[in-house]
Structures are given as structure tokens and as C-alpha cells.
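These notes are about the structure you will find just below.
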Amino acid sequence: MAHKFSIRKTKRLRPLLARAYRLGEPPDPRESLVDRVVLAVLWADAAPGKARQAYAKLAEEFVDWNELRVSMTTEAGAVLEACGLPAVKAAALKRILGKAVEDFYCFDFDALSALSREKLRTWFLSIEGLPHGIAASVLYHVFHYDRVLVDAEIARVVRRLGLAAETATEAEVEEGLADVIPAREAQFTYEALRQHALAVCVAKGFDCRPCPLRKECATAPGRIAELEAAAEKARKKKAKPTAKGKAKAKPARQARPKRPAPRAKP
Ligand code: SF4
């Protein structure tokens with residue numbers, strides 16, 4: 001059975017996240033669902049200005065989204081790179097558009113709106129090679145997904161915080177968060193935890209001392225002690241003179257005055 005998350009601890013963590021992070025600007029509204037899907041892909045982890053510029057450029061370069069779907073990935077990739085976005089988004093776009101045509105024979109994303117939350121999540125997250133962050137951007141911005149999606153980065157933070165067991169899988173962390181995070185806070189919690197995982201609670205060499213969540217974190221006391229012990233050791237090592245340093249520091253022996261040579265007898 002999945003480990004139950006502490007409601008109290010989550011309640012204390014939510015304002016800490018809210019103080020440290022902000023929900024990003026949503027993509028510009030678009031009439032058709034396919035346009036919104038394209039924009040949400042471009043929007044993922046990008047500056048809004050660059051995403052807008054890339055959207056306009058793609059719309060100018062390709063007759064329609066179907067032309068982009070059947071074109072070489074490098075063509076759309078070059079357009080994106082010229083706008084400051086990673087070319088990998090071109091492959092992501094082609095994969096989503098390709099799966100829609102495979103399943104519905106057209107870009108009928110409205111059909112997805114009718115799916116249950118779980119089926120909708122699976123539809124996007126099972127697209128081979130589609131980065132989790134891009135699938136999440138489409139799910140939240142276009143389909144208003146109301147649960148916290150969890151990838152390896154978010155799962156790491158939640159385990160370190162002590163909300164989930166160290167052995168909890170990503171699916172178990174997602175299930176646990178669904179029980180304690182209200183639907184209206186799901187997108188914000190996802191975005192805040194993701195930013196936190198990428199900027200502060202990174203996989204290696206993380207520093208808990210400036211972390212805004214440290215008061216509620218199960219890992220923080222041990223990690224801070226470990227970092228301080230390492231800093232102390234480094235300080236001592238620096239202060240202790242090395243054998244070579246000692247030799248250098250030793251004052252040079254004063255040269256004895258030379259005895260005057262004995263005078264020859266007259
Ligand atoms: S206190 Fe440390 S382990 Fe805990 S969330 Fe912050 S950086 Fe991660």
C-alpha cells in the first residue's frame with residue numbers, strides 16, 4: 001500500500017512554496033485546440049516572448065500544422081533555434097501531432113477533452129520520446145489538468161522533504177500528492193516543485209542552508225551538518241601549514257661572520 005502523505009506537513013509546506021515561487025504567465029489564448037497545444041509546447045520552460053516569436057515564425061514558415069507534422073524535424077528545429085528555443089521541441093510537436101493523426105485521423109484534440117483525467121494523462125505521457133515537462137505544459141495549459149504530475153526531479157524533492165518514503169516510486173509520489181494537494185493548487189505545486197528541483201534541490205551537491213523549505217525538510221539537518229563538517233575540515237586543512245610551508249616559514253639561519261685570516265708574521 002502506498003505511504004500516506006502527512007496533511008499537516010503539506011499544509012506547512014504550501015505557504016513556503018507560495019512565498020518562494022510564482023505561477024508562470026499562461027500562454028496567450030487561441031481559438032482552436034490544436035493552436036493551443038502548439039503554443040503550450042513552445043511555452044514549456046521558455047520565456048513567453050521567445051515562445052510567441054517561435055509560434056508566429058512557425059505559422060509563417062509552414063502552410064498549416066499538418067505541413068509541420070510531415071516536414072523534416074530539422075526544418076522546424078532550425079526555425080525554433082533561430083527564435084532561441086531548443087530544436088528538440090520540433091520533435092515534440094511532431095510527435096504530438098503525429099499521435100493525434102494516428103488516433104483520430106486529424107487534429108481532433110477536442111476528442112481528448114472528453115477523456116477521463118487518467119486517460120488524458122496517459123495519452124500524453126505515453127507518447128514515446130516526449131519530454132515530461134512538455135507533456136505537463138500541454139496538460140496544464142490546454143486541458144487544465146488538476147493533479148500534480150511527478151517526474152524523477154519532483155519525486156526526488158518530495159522524498160527528501162520526508163513526505164514520501166525513500167523507496168517511493170514516481171507513481172506512488174504522484175498518488176500521495178493527489179491526496180493532499182487541492183485541485184486548484186495542482187499546477188502551481190507542480191511548477192514550484194519543478195523549479196525547486198532544478199534550481200535548489202538539485203540531484204548532486206545540493207545545499208540546504210539557503211533553501212526556503214529547510215524548516216520542513218527531513219533531509220536538511222543531516223545535510224547541513226555534513227556541509228558544515230566538510231567546510232570545517234577544509235578550513236583546518238587550509239590553516240595547517242604543510243611540511244613544505246613549514247620549511248619556507250622557518251627563518252633562515254644567520255650566517256656566522258667569517259673569521260679574519262691570520263696575519264703573516266713580519
Ligand atoms: S532543505 Fe535541502 S533537501 Fe530539503 S528541499 Fe531544500 S535543498 Fe532539498
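Ordering of the C-alpha cells sets the chain letters (A, B, ...); residue numbers start at 1 within each chain; ligands are numbered from 1 in the order shown.
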Set the cut-off to 8 Å, count only C-alpha atoms and all ligand atoms, and list whatever residues fall near ligand 1 as a CSV table (one decimal) with N, CA and C atoms, in the first residue's frame.
```csv
chain,number,residue,atom,x,y,z
A,157,VAL,N,12.6,15.6,-4.8
A,157,VAL,CA,12.4,16.6,-3.8
A,157,VAL,C,11.4,16.1,-2.7
A,158,VAL,N,10.3,15.5,-3.2
A,158,VAL,CA,9.3,15.0,-2.2
A,158,VAL,C,9.9,14.0,-1.3
A,160,ARG,N,13.1,13.7,-0.4
A,160,ARG,CA,14.0,14.4,0.6
A,160,ARG,C,13.2,15.2,1.6
A,161,LEU,N,12.1,15.8,1.3
A,161,LEU,CA,11.3,16.5,2.2
A,161,LEU,C,10.8,15.6,3.3
A,196,HIS,N,12.0,24.3,-8.0
A,196,HIS,CA,12.9,24.0,-6.8
A,196,HIS,C,13.8,22.9,-7.1
A,197,ALA,N,13.4,21.8,-7.8
A,197,ALA,CA,14.2,20.7,-8.1
A,197,ALA,C,15.3,21.0,-9.0
A,200,VAL,N,17.4,24.5,-6.8
A,200,VAL,CA,17.9,24.4,-5.5
A,200,VAL,C,18.2,23.0,-5.0
A,201,CYS,N,17.2,22.2,-5.1
A,201,CYS,CA,17.3,20.8,-4.6
A,201,CYS,C,17.8,19.9,-5.7
A,202,VAL,N,18.9,20.2,-6.2
A,202,VAL,CA,19.4,19.5,-7.4
A,202,VAL,C,19.9,18.1,-7.0
A,206,PHE,N,23.7,19.4,-3.5
A,206,PHE,CA,22.6,20.4,-3.1
A,206,PHE,C,23.0,21.0,-1.8
A,207,ASP,N,22.6,22.3,-1.6
A,207,ASP,CA,22.9,23.0,-0.3
A,207,ASP,C,21.6,23.4,0.3
A,208,CYS,N,21.4,22.8,1.5
A,208,CYS,CA,20.1,23.1,2.2
A,208,CYS,C,20.1,24.4,2.9
A,209,ARG,N,21.3,25.0,3.2
A,209,ARG,CA,21.3,26.2,4.0
A,209,ARG,C,20.5,27.4,3.5
A,210,PRO,N,20.5,27.7,2.2
A,210,PRO,CA,19.7,28.8,1.7
A,210,PRO,C,18.3,28.4,1.3
A,211,CYS,N,17.9,27.1,1.5
A,211,CYS,CA,16.7,26.6,0.9
A,211,CYS,C,15.5,27.1,1.7
A,212,PRO,N,14.5,27.6,1.0
A,212,PRO,CA,13.3,28.1,1.6
A,212,PRO,C,12.4,27.1,2.3
A,213,LEU,N,12.7,25.8,2.0
A,213,LEU,CA,11.8,24.7,2.6
A,213,LEU,C,12.5,24.0,3.7
A,214,ARG,N,13.7,24.5,4.1
A,214,ARG,CA,14.6,23.7,5.0
A,214,ARG,C,13.9,23.4,6.4
A,215,LYS,N,13.0,24.4,6.8
A,215,LYS,CA,12.4,24.2,8.1
A,215,LYS,C,11.5,23.0,8.2
A,216,GLU,N,11.0,22.6,7.0
A,216,GLU,CA,10.1,21.5,7.0
A,216,GLU,C,10.7,20.2,6.3
A,217,CYS,N,12.0,20.3,6.1
A,217,CYS,CA,12.6,19.2,5.4
A,217,CYS,C,13.3,18.2,6.3
A,218,ALA,N,13.0,16.9,6.0
A,218,ALA,CA,13.6,15.8,6.8
A,218,ALA,C,15.1,15.7,6.5
A,219,THR,N,15.6,16.0,5.3
A,219,THR,CA,17.0,15.8,5.0
A,219,THR,C,17.9,17.0,5.4
A,220,ALA,N,17.3,18.2,5.6
A,220,ALA,CA,18.1,19.4,5.9
A,220,ALA,C,19.0,19.2,7.1
A,223,ARG,N,22.0,17.1,6.2
A,223,ARG,CA,22.8,17.6,5.1
A,223,ARG,C,23.6,18.9,5.5
```
Fill in: Contacts of stretch 109-123 of chain A within 10 Å, only C-alpha atoms, excl. fewer than 5 positions in-chain, as a list in words
Ser32, Leu33, Val34, Arg36, Val37, Ile96, Leu97, Lys99, Ala100, Val101, Asp103, Phe104, Ala135, Ala136, Leu139, Val142, Phe143, His144, Tyr145, Asp146, Arg147 and Leu149 of chain A
Keeping C-alpha atoms, export the residues of the selection given above as a short mmCIF file (atom, residue, chain, number, x, y, z; two decimals), in the first residue's frame.
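Saved file selection10.cif follows:
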```cif
data_model
loop_
_atom_site.label_atom_id
_atom_site.label_comp_id
_atom_site.auth_asym_id
_atom_site.auth_seq_id
_atom_site.Cartn_x
_atom_site.Cartn_y
_atom_site.Cartn_z
CA SER A 32 -8.53 26.24 -31.79
CA LEU A 33 -7.29 23.49 -29.53
CA VAL A 34 -4.50 22.49 -31.90
CA ARG A 36 -3.21 25.98 -28.07
CA VAL A 37 -1.40 22.66 -28.00
CA ILE A 96 2.01 15.05 -30.52
CA LEU A 97 0.56 15.99 -33.92
CA LYS A 99 -0.21 10.74 -32.41
CA ALA A 100 -3.38 12.80 -32.94
CA VAL A 101 -3.47 11.81 -36.61
CA ASP A 103 -5.61 8.06 -33.20
CA PHE A 104 -8.20 10.43 -34.72
CA ALA A 135 3.55 16.90 -21.76
CA ALA A 136 2.89 18.67 -18.44
CA LEU A 139 -1.89 19.05 -19.84
CA VAL A 142 -4.68 23.33 -22.53
CA PHE A 143 -6.59 20.66 -20.61
CA HIS A 144 -6.48 22.20 -17.11
CA TYR A 145 -5.16 19.02 -15.55
CA ASP A 146 -5.82 19.15 -11.81
CA ARG A 147 -3.30 16.81 -10.21
CA LEU A 149 2.36 15.46 -12.20
#
```
Fill in: Pick from A:Leu198, A:Ala186, A:Ala171, A:Ala87, whichever lies nearest to A:Val148 using only C-alpha atoms
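Among the listed residues, A:Ala186 lies closest to A:Val148.
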Item to complete: Can you pull out every residue within 8 Å of A:Ile154, counting only C-alpha atoms, but drop anything in the same chain fewer than 5 positions away, and send it as a list of chain:residue names?
Response: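 My list of contacting residues is A:Tyr190, A:Leu193, A:Arg194, A:Ala197.
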Requested write-out: C-alpha atoms of the selected residues, as a short mmCIF file (atom, residue, chain, number, x, y, z; two decimals), in the first residue's frame:
```cif
data_model
loop_
_atom_site.label_atom_id
_atom_site.label_comp_id
_atom_site.auth_asym_id
_atom_site.auth_seq_id
_atom_site.Cartn_x
_atom_site.Cartn_y
_atom_site.Cartn_z
CA TYR A 190 3.94 21.21 -9.94
CA LEU A 193 8.43 21.85 -7.08
CA ARG A 194 9.93 21.61 -10.56
CA ALA A 197 14.22 20.66 -8.09
#
```
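Of note, atom CA of A:Arg12 and atom CA of A:Thr167 are spaced 23.2 Å apart.
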Practice prompt. Measure the distance from atom CA of A:Phe188 to atom CA of A:Leu17 in Å and round it to one decimal.
Written response: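 Going from atom CA of A:Phe188 over to atom CA of A:Leu17 covers 9.1 Å.
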Practice prompt. Step one, run DSSP on the backbone; step two, keep only residues of stretch 7-211 of chain A assigned to alpha helix (DSSP H); then write them as a VMD selection string.
Written response: chain A and resid 7 to 20 33 to 43 48 to 61 65 to 70 73 to 82 88 to 104 110 to 113 117 to 125 132 to 141 152 to 161 170 to 180 186 to 199
Worksheet item: Between A:Ala91, A:Ala164, A:Ala44, A:Val138, which is the closest to A:Arg69 once you count only C-alpha atoms?
Response: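 Closest to A:Arg69 of all the choices is A:Ala91.
Reported to one decimal place, the separation of atom CA of A:Leu80 from atom CA of A:Leu58 is 7.9 Å.
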Discussion item. Env of stretch 59-63 of chain A: 12 Å cut, atoms = only C-alpha atoms, seq-sep filter 2 positions within chain, self excluded. Answer as a PyMOL selection string.
Written reply: chain A and resi 35+38-39+52-57+65-72+75-80
